[in-house]
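Structure below is my_file_16.txt: compact mmCIF, C-alpha atoms.
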```
# COMPACT_ATOMS: atom_id res chain seq x y z
CA MET C 1 -12.10 -69.23 -93.01
CA ILE C 2 -9.71 -68.09 -90.27
CA PRO C 3 -6.96 -70.65 -89.59
CA ASP C 4 -6.93 -72.41 -86.21
CA PRO C 5 -5.79 -69.69 -83.76
CA ASP C 6 -4.18 -72.27 -81.47
CA LYS C 7 -1.91 -73.44 -84.29
CA ILE C 8 -0.82 -69.88 -84.95
CA SER C 9 -0.11 -69.41 -81.24
CA LYS C 10 1.99 -72.57 -81.33
CA PHE C 11 3.98 -71.28 -84.31
CA ILE C 12 4.62 -67.96 -82.57
CA ARG C 13 5.76 -69.65 -79.37
CA GLU C 14 8.07 -71.91 -81.40
CA ALA C 15 9.71 -68.95 -83.13
CA ALA C 16 10.10 -67.19 -79.78
CA GLU C 17 11.61 -70.23 -78.06
CA LEU C 18 13.99 -71.20 -80.88
CA ASP C 19 14.95 -67.91 -82.52
CA VAL C 20 14.33 -65.06 -80.09
CA LEU C 21 14.78 -66.01 -76.42
CA PRO C 22 18.15 -67.77 -76.89
CA ARG C 23 19.52 -64.42 -78.17
CA PHE C 24 17.99 -62.27 -75.42
CA ARG C 25 20.85 -60.61 -73.54
CA SER C 26 23.24 -62.83 -75.54
CA LEU C 27 23.57 -60.93 -78.82
CA ALA C 28 27.05 -60.41 -80.23
CA ASP C 29 27.85 -56.99 -81.66
CA HIS C 30 27.76 -58.29 -85.24
CA GLU C 31 24.24 -59.70 -84.66
CA ILE C 32 22.83 -56.17 -84.23
CA ILE C 33 22.59 -54.21 -87.49
CA GLU C 34 21.49 -50.59 -87.91
CA LYS C 35 18.99 -50.39 -90.79
CA SER C 36 18.88 -46.61 -90.49
CA PRO C 37 19.90 -44.14 -87.76
CA GLY C 38 18.16 -45.28 -84.58
CA ASP C 39 16.48 -48.30 -86.21
CA VAL C 40 18.13 -51.65 -85.53
CA VAL C 41 17.48 -55.24 -86.56
CA THR C 42 18.98 -58.42 -85.15
CA VAL C 43 19.61 -61.95 -86.30
CA ALA C 44 16.64 -62.95 -84.12
CA ASP C 45 14.30 -60.74 -86.21
CA HIS C 46 15.40 -62.39 -89.44
CA ASP C 47 15.36 -65.96 -88.15
CA ALA C 48 11.98 -65.64 -86.45
CA GLU C 49 10.41 -64.05 -89.54
CA GLU C 50 11.82 -66.77 -91.80
CA ARG C 51 10.47 -69.51 -89.52
CA LEU C 52 7.02 -67.94 -89.16
CA THR C 53 6.78 -67.27 -92.90
CA ARG C 54 7.56 -70.91 -93.67
CA LEU C 55 5.16 -72.28 -91.05
CA LEU C 56 2.30 -70.02 -92.13
CA ARG C 57 2.79 -70.81 -95.82
CA ASP C 58 2.78 -74.52 -95.04
CA LEU C 59 -0.48 -74.10 -93.13
CA THR C 60 -2.11 -71.78 -95.68
CA PRO C 61 -0.51 -72.57 -99.07
CA GLY C 62 -0.27 -69.70 -101.53
CA ILE C 63 -1.12 -67.04 -98.98
CA LEU C 64 0.71 -63.73 -98.99
CA VAL C 65 3.01 -63.07 -96.02
CA VAL C 66 4.10 -59.47 -95.36
CA GLY C 67 6.82 -59.30 -92.74
CA GLU C 68 8.57 -56.20 -91.48
CA GLU C 69 12.04 -57.41 -92.45
CA ALA C 70 10.88 -58.65 -95.84
CA VAL C 71 9.45 -55.19 -96.54
CA HIS C 72 12.78 -53.62 -95.57
CA SER C 73 14.42 -55.76 -98.27
CA ASP C 74 11.63 -55.27 -100.83
CA THR C 75 9.46 -52.18 -100.30
CA THR C 76 7.14 -53.20 -103.17
CA LEU C 77 5.59 -55.65 -100.69
CA LEU C 78 3.81 -52.66 -99.15
CA ASP C 79 1.73 -52.41 -102.33
CA LYS C 80 0.39 -55.91 -101.59
CA LEU C 81 -1.40 -54.51 -98.55
CA ASP C 82 -3.84 -52.79 -100.92
CA THR C 83 -5.20 -56.11 -102.23
CA ASP C 84 -8.28 -57.90 -100.90
CA GLU C 85 -6.60 -61.29 -100.87
CA PRO C 86 -5.97 -63.04 -97.53
CA MET C 87 -2.59 -62.29 -96.02
CA TRP C 88 -0.46 -62.59 -92.92
CA ILE C 89 1.28 -59.55 -91.46
CA LEU C 90 4.27 -60.26 -89.22
CA ASP C 91 6.46 -58.43 -86.78
CA PRO C 92 8.98 -61.07 -85.64
CA VAL C 93 10.42 -58.91 -82.85
CA ASP C 94 8.43 -55.80 -82.08
CA GLY C 95 10.50 -53.52 -79.88
CA THR C 96 13.83 -54.62 -81.35
CA ALA C 97 15.70 -51.76 -79.68
CA ASN C 98 14.42 -52.98 -76.29
CA PHE C 99 15.34 -56.56 -77.16
CA ALA C 100 18.85 -55.57 -78.24
CA ALA C 101 19.31 -53.50 -75.06
CA GLY C 102 18.23 -56.36 -72.79
CA CYS C 103 14.83 -54.85 -71.90
CA PRO C 104 12.03 -57.47 -71.70
CA ASN C 105 9.40 -55.24 -73.34
CA PHE C 106 9.38 -56.86 -76.78
CA ALA C 107 6.87 -59.07 -78.56
CA VAL C 108 6.26 -61.43 -81.48
CA MET C 109 3.17 -60.36 -83.43
CA ALA C 110 0.99 -61.60 -86.27
CA ALA C 111 -2.25 -60.53 -87.91
CA TYR C 112 -4.54 -62.33 -90.34
CA VAL C 113 -6.14 -59.92 -92.83
CA VAL C 114 -8.92 -60.58 -95.36
CA GLU C 115 -10.37 -57.97 -97.71
CA GLY C 116 -8.34 -55.29 -95.98
CA LYS C 117 -9.79 -56.06 -92.53
CA VAL C 118 -7.98 -57.62 -89.59
CA ARG C 119 -9.71 -60.90 -88.69
CA GLY C 120 -7.19 -62.32 -86.22
CA GLY C 121 -4.43 -60.87 -84.05
CA TRP C 122 -1.68 -62.39 -81.90
CA ILE C 123 0.76 -60.68 -79.54
CA TYR C 124 3.19 -62.81 -77.55
CA ALA C 125 5.51 -61.51 -74.83
CA PRO C 126 8.22 -64.22 -74.67
CA VAL C 127 9.78 -63.22 -71.34
CA ALA C 128 6.44 -62.99 -69.50
CA LYS C 129 5.05 -65.92 -71.55
CA GLU C 130 1.85 -63.97 -72.18
CA MET C 131 -0.07 -64.86 -75.33
CA VAL C 132 -2.89 -62.48 -76.27
CA VAL C 133 -5.17 -63.63 -79.08
CA ALA C 134 -8.20 -61.97 -80.64
CA MET C 135 -10.54 -63.29 -83.31
CA GLU C 136 -12.98 -60.91 -84.95
CA GLY C 137 -16.25 -61.05 -83.07
CA ASP C 138 -14.98 -63.50 -80.46
CA GLY C 139 -13.23 -61.28 -77.92
CA ALA C 140 -9.62 -61.04 -76.79
CA ARG C 141 -7.95 -63.52 -74.46
CA LEU C 142 -4.77 -63.47 -72.40
CA ASN C 143 -3.48 -67.04 -71.94
CA GLY C 144 -7.05 -68.19 -72.51
CA GLU C 145 -8.73 -65.74 -70.09
CA LYS C 146 -11.12 -63.23 -71.62
CA MET C 147 -10.10 -59.57 -71.42
CA GLN C 148 -12.51 -56.69 -70.82
CA ILE C 149 -11.64 -53.01 -70.68
CA ALA C 150 -13.44 -51.05 -67.95
CA HIS C 151 -15.45 -47.96 -68.94
CA PRO C 152 -14.24 -44.74 -67.30
CA LYS C 153 -16.63 -42.21 -65.80
CA GLY C 154 -14.69 -39.32 -67.27
CA ILE C 155 -11.38 -38.55 -68.95
CA GLU C 156 -9.72 -36.62 -66.14
CA GLY C 157 -6.81 -38.57 -64.69
CA LEU C 158 -6.75 -41.20 -67.43
CA LYS C 159 -3.35 -42.77 -68.01
CA GLY C 160 -1.89 -42.78 -71.49
CA ARG C 161 0.98 -42.37 -73.89
CA ILE C 162 1.16 -39.70 -76.59
CA ASN C 163 3.26 -39.13 -79.68
CA TYR C 164 3.05 -35.36 -79.96
CA GLY C 165 4.25 -35.53 -83.55
CA VAL C 166 0.63 -35.90 -84.70
CA PHE C 167 -0.07 -32.31 -83.59
CA ASP C 168 1.00 -29.10 -85.29
CA GLU C 169 4.35 -28.00 -83.94
CA HIS C 170 3.15 -24.58 -82.86
CA ARG C 171 0.41 -26.13 -80.69
CA ARG C 172 2.60 -28.60 -78.81
CA PRO C 173 3.97 -26.44 -75.95
CA ALA C 174 0.54 -25.23 -74.78
CA LEU C 175 -1.01 -28.64 -75.44
CA ARG C 176 1.61 -30.36 -73.30
CA GLU C 177 0.76 -28.02 -70.42
CA ARG C 178 -2.98 -28.68 -70.69
CA ILE C 179 -2.43 -32.42 -70.96
CA ALA C 180 -0.17 -32.49 -67.90
CA GLU C 181 -2.96 -30.84 -65.90
CA THR C 182 -5.60 -33.36 -67.02
CA PHE C 183 -3.99 -36.72 -67.82
CA ASN C 184 -1.35 -39.02 -66.38
CA VAL C 185 1.00 -39.33 -69.34
CA ASP C 186 3.87 -41.81 -69.50
CA LYS C 187 6.68 -42.11 -72.02
CA SER C 188 6.59 -44.55 -74.92
CA ALA C 189 7.44 -48.18 -74.13
CA ARG C 190 9.11 -48.41 -77.58
CA CYS C 191 7.05 -51.55 -78.28
CA ALA C 192 3.56 -51.27 -79.78
CA GLY C 193 2.78 -54.88 -78.89
CA HIS C 194 3.54 -54.28 -75.22
CA GLU C 195 1.50 -51.06 -75.26
CA PHE C 196 -1.56 -52.63 -76.87
CA VAL C 197 -1.56 -55.41 -74.29
CA THR C 198 -1.37 -52.88 -71.44
CA LEU C 199 -4.37 -51.11 -72.99
CA ALA C 200 -6.34 -54.35 -73.23
CA LYS C 201 -5.43 -55.16 -69.60
CA GLY C 202 -6.62 -51.73 -68.48
CA GLU C 203 -3.19 -50.77 -67.13
CA TYR C 204 -3.25 -47.81 -69.54
CA ASP C 205 -6.34 -46.02 -70.85
CA PHE C 206 -5.33 -44.38 -74.11
CA ARG C 207 -2.55 -44.17 -76.68
CA ILE C 208 -1.90 -41.78 -79.56
CA TYR C 209 0.42 -43.00 -82.31
CA LYS C 210 1.90 -41.13 -85.24
CA LYS C 211 3.36 -43.61 -87.74
CA LEU C 212 1.07 -46.44 -88.80
CA TRP C 213 3.01 -49.48 -89.94
CA ALA C 214 0.73 -52.50 -90.41
CA TRP C 215 2.98 -54.89 -88.49
CA ASP C 216 2.97 -52.53 -85.48
CA HIS C 217 -0.75 -51.85 -85.30
CA ALA C 218 -2.83 -54.50 -87.11
CA PRO C 219 -2.73 -57.13 -84.34
CA GLY C 220 -3.07 -54.64 -81.50
CA THR C 221 -6.02 -52.66 -82.86
CA LEU C 222 -8.08 -55.86 -83.18
CA ILE C 223 -7.05 -57.03 -79.70
CA HIS C 224 -7.94 -53.62 -78.25
CA THR C 225 -11.30 -53.59 -80.04
CA GLU C 226 -12.18 -57.15 -79.05
CA ALA C 227 -11.32 -56.34 -75.43
CA GLY C 228 -13.99 -53.63 -75.57
CA GLY C 229 -11.89 -50.61 -76.53
CA TYR C 230 -12.28 -48.17 -79.41
CA SER C 231 -9.60 -47.28 -81.94
CA ALA C 232 -9.73 -44.93 -84.90
CA ARG C 233 -7.43 -42.74 -86.91
CA ILE C 234 -6.88 -39.32 -85.42
CA ASP C 235 -9.07 -37.87 -88.22
CA GLY C 236 -11.93 -40.13 -87.08
CA ALA C 237 -11.73 -42.61 -89.95
CA PRO C 238 -11.61 -46.36 -89.20
CA TYR C 239 -8.17 -47.94 -88.95
CA LYS C 240 -7.16 -50.02 -91.98
CA PRO C 241 -3.84 -51.91 -92.15
CA ASN C 242 -3.17 -50.86 -95.75
CA GLU C 243 -3.30 -47.13 -94.95
CA ARG C 244 -0.23 -45.27 -93.82
CA THR C 245 -1.92 -41.97 -93.01
CA GLU C 246 -0.36 -40.74 -89.79
CA GLY C 247 -2.29 -40.69 -86.53
CA LEU C 248 -4.13 -43.36 -84.52
CA MET C 249 -5.86 -43.03 -81.15
CA CYS C 250 -7.02 -45.83 -78.85
CA ALA C 251 -9.39 -45.21 -75.93
CA PRO C 252 -11.59 -47.30 -73.62
CA THR C 253 -14.87 -46.37 -75.37
CA GLN C 254 -16.06 -44.36 -78.35
CA GLU C 255 -17.41 -41.75 -75.95
CA SER C 256 -14.07 -41.36 -74.18
CA TRP C 257 -12.32 -41.35 -77.59
CA ASP C 258 -14.51 -38.43 -78.65
CA GLN C 259 -13.87 -36.59 -75.39
CA ILE C 260 -10.11 -37.06 -75.55
CA HIS C 261 -10.07 -36.09 -79.21
CA ASP C 262 -12.05 -32.91 -78.53
CA PHE C 263 -9.68 -32.05 -75.68
CA MET C 264 -6.60 -32.57 -77.86
CA MET C 265 -7.95 -30.60 -80.83
CA ARG C 266 -9.27 -27.65 -78.85
CA ASP C 267 -7.11 -24.53 -79.11
```
Will you turn the file into structure tokens for me?
Amino acid sequence: MIPDPDKISKFIREAAELDVLPRFRSLADHEIIEKSPGDVVTVADHDAEERLTRLLRDLTPGILVVGEEAVHSDTTLLDKLDTDEPMWILDPVDGTANFAAGCPNFAVMAAYVVEGKVRGGWIYAPVAKEMVVAMEGDGARLNGEKMQIAHPKGIEGLKGRINYGVFDEHRRPALRERIAETFNVDKSARCAGHEFVTLAKGEYDFRIYKKLWAWDHAPGTLIHTEAGGYSARIDGAPYKPNERTEGLMCAPTQESWDQIHDFMMRD
């Protein structure tokens, strides 16, 4: 049984209010740590993940919790994603680089997974105070209001974001030219949570990702699907949070997904 989604929303808001927002635009230099070149973590990430892990374990005793920062400390946790047991997947501050730079495009995210399938997803934007929640088969809601993605009449002029790293290097220059003539392409927001919400709102139409980390994509793919969108790996296979095969594409419908995919793959 899926835990009460309102309780999970309450936990996420609590972590945001107590651990994240007080540090926004107030981080000291020593509270920003570089995990690897270009990849930073802050004290807010660690504190929010610790709080959410404790709250979720208290609510669902014995359940596995896989958080981004915990995985950084113990990579063997990634192997746990291959089990069928219920688990929580957490991203305490998605878009940490934005957060550390004082940009409001960051989010607190959680997903509830059973038998390798995402059953519940939460994305919270603390600055905007927007909570997006999706339960499998029950739609996606923004602050309680149901979300519904509009169906496009064609793919020309659709607005999206693309990670060109999913395409063969020799194809990229010509592909960029063709794409610029057909689509309205924007740069990455550096926050998957923010991007998935803009897709579910209909502010953007499609997104192509390269790296598939569960904490970045598990909540958002369910929210996008429950809002009426269609997501699949770039090879056409269904998205699964335990798989780290590169390439994911989100589109308003399966038909538009197929059309965009055919456009991108055509030489």
Please provide as a compact mmCIF listing (two decimals) with C-alpha atoms, keeping the file's coordinate frame all residues within 7 Å of segment 115-123 of chain C, with the sequence filter that same-chain residues fewer than 5 positions apart are discarded (counting all atoms listed in the file).
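Saved to around-v4.txt:
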```txt
# COMPACT_ATOMS: atom_id res chain seq x y z
CA ASP C 84 -8.28 -57.90 -100.90
CA GLU C 85 -6.60 -61.29 -100.87
CA PRO C 86 -5.97 -63.04 -97.53
CA ALA C 107 6.87 -59.07 -78.56
CA VAL C 108 6.26 -61.43 -81.48
CA MET C 109 3.17 -60.36 -83.43
CA ALA C 110 0.99 -61.60 -86.27
CA MET C 131 -0.07 -64.86 -75.33
CA VAL C 132 -2.89 -62.48 -76.27
CA VAL C 133 -5.17 -63.63 -79.08
CA ALA C 134 -8.20 -61.97 -80.64
CA MET C 135 -10.54 -63.29 -83.31
CA GLU C 136 -12.98 -60.91 -84.95
CA GLY C 193 2.78 -54.88 -78.89
CA ALA C 218 -2.83 -54.50 -87.11
CA PRO C 219 -2.73 -57.13 -84.34
CA GLY C 220 -3.07 -54.64 -81.50
CA LEU C 222 -8.08 -55.86 -83.18
CA ILE C 223 -7.05 -57.03 -79.70
CA LYS C 240 -7.16 -50.02 -91.98
CA PRO C 241 -3.84 -51.91 -92.15
CA ASN C 242 -3.17 -50.86 -95.75
```
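Counting from atom CA of Asp39 of chain C, the distance to atom CA of Val93 of chain C is 12.7 Å.
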Spatial neighbours of segment 49-60 of chain C, 12 Å, all atoms listed in the file, chain gap at least 2 places, as JSON, numbers by chain: {"C": [1, 2, 3, 4, 5, 7, 8, 9, 10, 11, 12, 13, 14, 15, 16, 17, 18, 19, 20, 41, 42, 43, 44, 45, 46, 47, 62, 63, 64, 65, 66, 67, 68, 69, 70, 71, 86, 87, 88, 89, 90, 91, 92, 93, 94, 108, 109, 110, 111, 112, 215]}
Could those selected residues go to a file with C-alpha atoms, as a compact mmCIF listing (two decimals), keeping the file's coordinate frame?
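Generated output (again28.txt):
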```txt
# COMPACT_ATOMS: atom_id res chain seq x y z
CA MET C 1 -12.10 -69.23 -93.01
CA ILE C 2 -9.71 -68.09 -90.27
CA PRO C 3 -6.96 -70.65 -89.59
CA ASP C 4 -6.93 -72.41 -86.21
CA PRO C 5 -5.79 -69.69 -83.76
CA LYS C 7 -1.91 -73.44 -84.29
CA ILE C 8 -0.82 -69.88 -84.95
CA SER C 9 -0.11 -69.41 -81.24
CA LYS C 10 1.99 -72.57 -81.33
CA PHE C 11 3.98 -71.28 -84.31
CA ILE C 12 4.62 -67.96 -82.57
CA ARG C 13 5.76 -69.65 -79.37
CA GLU C 14 8.07 -71.91 -81.40
CA ALA C 15 9.71 -68.95 -83.13
CA ALA C 16 10.10 -67.19 -79.78
CA GLU C 17 11.61 -70.23 -78.06
CA LEU C 18 13.99 -71.20 -80.88
CA ASP C 19 14.95 -67.91 -82.52
CA VAL C 20 14.33 -65.06 -80.09
CA VAL C 41 17.48 -55.24 -86.56
CA THR C 42 18.98 -58.42 -85.15
CA VAL C 43 19.61 -61.95 -86.30
CA ALA C 44 16.64 -62.95 -84.12
CA ASP C 45 14.30 -60.74 -86.21
CA HIS C 46 15.40 -62.39 -89.44
CA ASP C 47 15.36 -65.96 -88.15
CA GLY C 62 -0.27 -69.70 -101.53
CA ILE C 63 -1.12 -67.04 -98.98
CA LEU C 64 0.71 -63.73 -98.99
CA VAL C 65 3.01 -63.07 -96.02
CA VAL C 66 4.10 -59.47 -95.36
CA GLY C 67 6.82 -59.30 -92.74
CA GLU C 68 8.57 -56.20 -91.48
CA GLU C 69 12.04 -57.41 -92.45
CA ALA C 70 10.88 -58.65 -95.84
CA VAL C 71 9.45 -55.19 -96.54
CA PRO C 86 -5.97 -63.04 -97.53
CA MET C 87 -2.59 -62.29 -96.02
CA TRP C 88 -0.46 -62.59 -92.92
CA ILE C 89 1.28 -59.55 -91.46
CA LEU C 90 4.27 -60.26 -89.22
CA ASP C 91 6.46 -58.43 -86.78
CA PRO C 92 8.98 -61.07 -85.64
CA VAL C 93 10.42 -58.91 -82.85
CA ASP C 94 8.43 -55.80 -82.08
CA VAL C 108 6.26 -61.43 -81.48
CA MET C 109 3.17 -60.36 -83.43
CA ALA C 110 0.99 -61.60 -86.27
CA ALA C 111 -2.25 -60.53 -87.91
CA TYR C 112 -4.54 -62.33 -90.34
CA TRP C 215 2.98 -54.89 -88.49
```
Selected residue of minimal separation from Thr96 of chain C among C:Lys35, C:Lys129, C:His224, C:Lys146, counting all atoms listed in the file: C:Lys35
Residue among C:Pro152, C:Gly139, C:Gly144, C:Gly160 lying closest to Gln254 of chain C, counting only C-alpha atoms: C:Pro152
Selection near Gln148 of chain C, 12 Å with all atoms listed in the file, sequence-local residues under 3 positions removed, as a VMD selection string: chain C and resid 134 139 to 142 145 151 197 to 203 223 to 229 252 to 253
Contacts between segment 175-180 of chain C and segment 84-166 of chain C, please, where a residue of segment 84-166 of chain C counts if it comes within 10 Å (with all atoms listed in the file); show its shortest atom pair and distance in Å to one decimal, rows by chain and ascending number, as JSON lines.
```
{"residue": "C:Glu156", "atom": "CA", "partner": "C:Ile179", "partner_atom": "CA", "distance": 9.7}
{"residue": "C:Gly157", "atom": "CA", "partner": "C:Ala180", "partner_atom": "CA", "distance": 9.6}
{"residue": "C:Ile162", "atom": "CA", "partner": "C:Ile179", "partner_atom": "CA", "distance": 9.9}
{"residue": "C:Tyr164", "atom": "CA", "partner": "C:Arg176", "partner_atom": "CA", "distance": 8.5}
```
Nearest candidate to Asn98 of chain C (options C:Thr221, C:Ser256, C:Ser73, C:Ser188; using all atoms listed in the file): C:Ser188
Atom-to-atom span, atom CA of Asn184 of chain C and atom CA of Ala125 of chain C, Å: 25.0 Å
Two-atom distance - atom CA of Pro126 of chain C, atom CA of Phe206 of chain C (Å): 24.0 Å
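At a cut-off of 12 Å from (5.9, -43.5, -91.4), the residue set is C:Gly165, C:Val166, C:Tyr209, C:Lys210, C:Lys211, C:Leu212, C:Trp213, C:Ala214, C:Asp216, C:Glu243, C:Arg244, C:Thr245, C:Glu246, C:Gly247 (counting only C-alpha atoms).
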Write to file, as an mmCIF file, in the frame of the given file, the residues of the selection just made, with C-alpha atoms.
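Contents of out-v6.cif, as written:
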```
data_model
loop_
_atom_site.group_PDB
_atom_site.id
_atom_site.type_symbol
_atom_site.label_atom_id
_atom_site.label_comp_id
_atom_site.auth_asym_id
_atom_site.auth_seq_id
_atom_site.Cartn_x
_atom_site.Cartn_y
_atom_site.Cartn_z
ATOM 1 C CA GLY C 165 4.250 -35.530 -83.550
ATOM 2 C CA VAL C 166 0.630 -35.900 -84.700
ATOM 3 C CA TYR C 209 0.420 -43.000 -82.310
ATOM 4 C CA LYS C 210 1.900 -41.130 -85.240
ATOM 5 C CA LYS C 211 3.360 -43.610 -87.740
ATOM 6 C CA LEU C 212 1.070 -46.440 -88.800
ATOM 7 C CA TRP C 213 3.010 -49.480 -89.940
ATOM 8 C CA ALA C 214 0.730 -52.500 -90.410
ATOM 9 C CA ASP C 216 2.970 -52.530 -85.480
ATOM 10 C CA GLU C 243 -3.300 -47.130 -94.950
ATOM 11 C CA ARG C 244 -0.230 -45.270 -93.820
ATOM 12 C CA THR C 245 -1.920 -41.970 -93.010
ATOM 13 C CA GLU C 246 -0.360 -40.740 -89.790
ATOM 14 C CA GLY C 247 -2.290 -40.690 -86.530
#
```
Option closest in space to His194 of chain C, from C:Pro238, C:Pro173, C:Gly137, C:Pro104 [counting all atoms listed in the file]: C:Pro104
Give me, as a Markdown table, the closest atom pair and its distance (Å, one decimal) for every residue of segment 84-138 of chain C within a cut-off of 9 Å of segment 24-34 of chain C, counting all atoms listed in the file, rows sorted by chain and rising number.
```
| residue | atom | partner | partner_atom | distance |
| --- | --- | --- | --- | --- |
| C:Phe99 | CA | C:Phe24 | CA | 6.5 |
| C:Ala100 | CA | C:Leu27 | CA | 7.2 |
| C:Ala101 | CA | C:Arg25 | CA | 7.4 |
| C:Gly102 | CA | C:Arg25 | CA | 5.0 |
| C:Cys103 | CA | C:Arg25 | CA | 8.5 |
| C:Pro104 | CA | C:Phe24 | CA | 8.5 |
```
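Shortest separation to Val113 of chain C among C:Leu81, C:Cys250, C:Glu130, C:Cys191 occurs at residue C:Leu81, atoms counted being only C-alpha atoms.
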Taking all atoms of segment 119-129 of chain C that the file lists, what box with edges along x, y and z, padded by 6 Å per side, do you get, with centre and edge lengths in Å to one decimal, as lines of an AutoDock Vina configuration file?
```
center_x = 0.0
center_y = -63.3
center_z = -79.1
size_x = 31.5
size_y = 17.2
size_z = 31.2
```
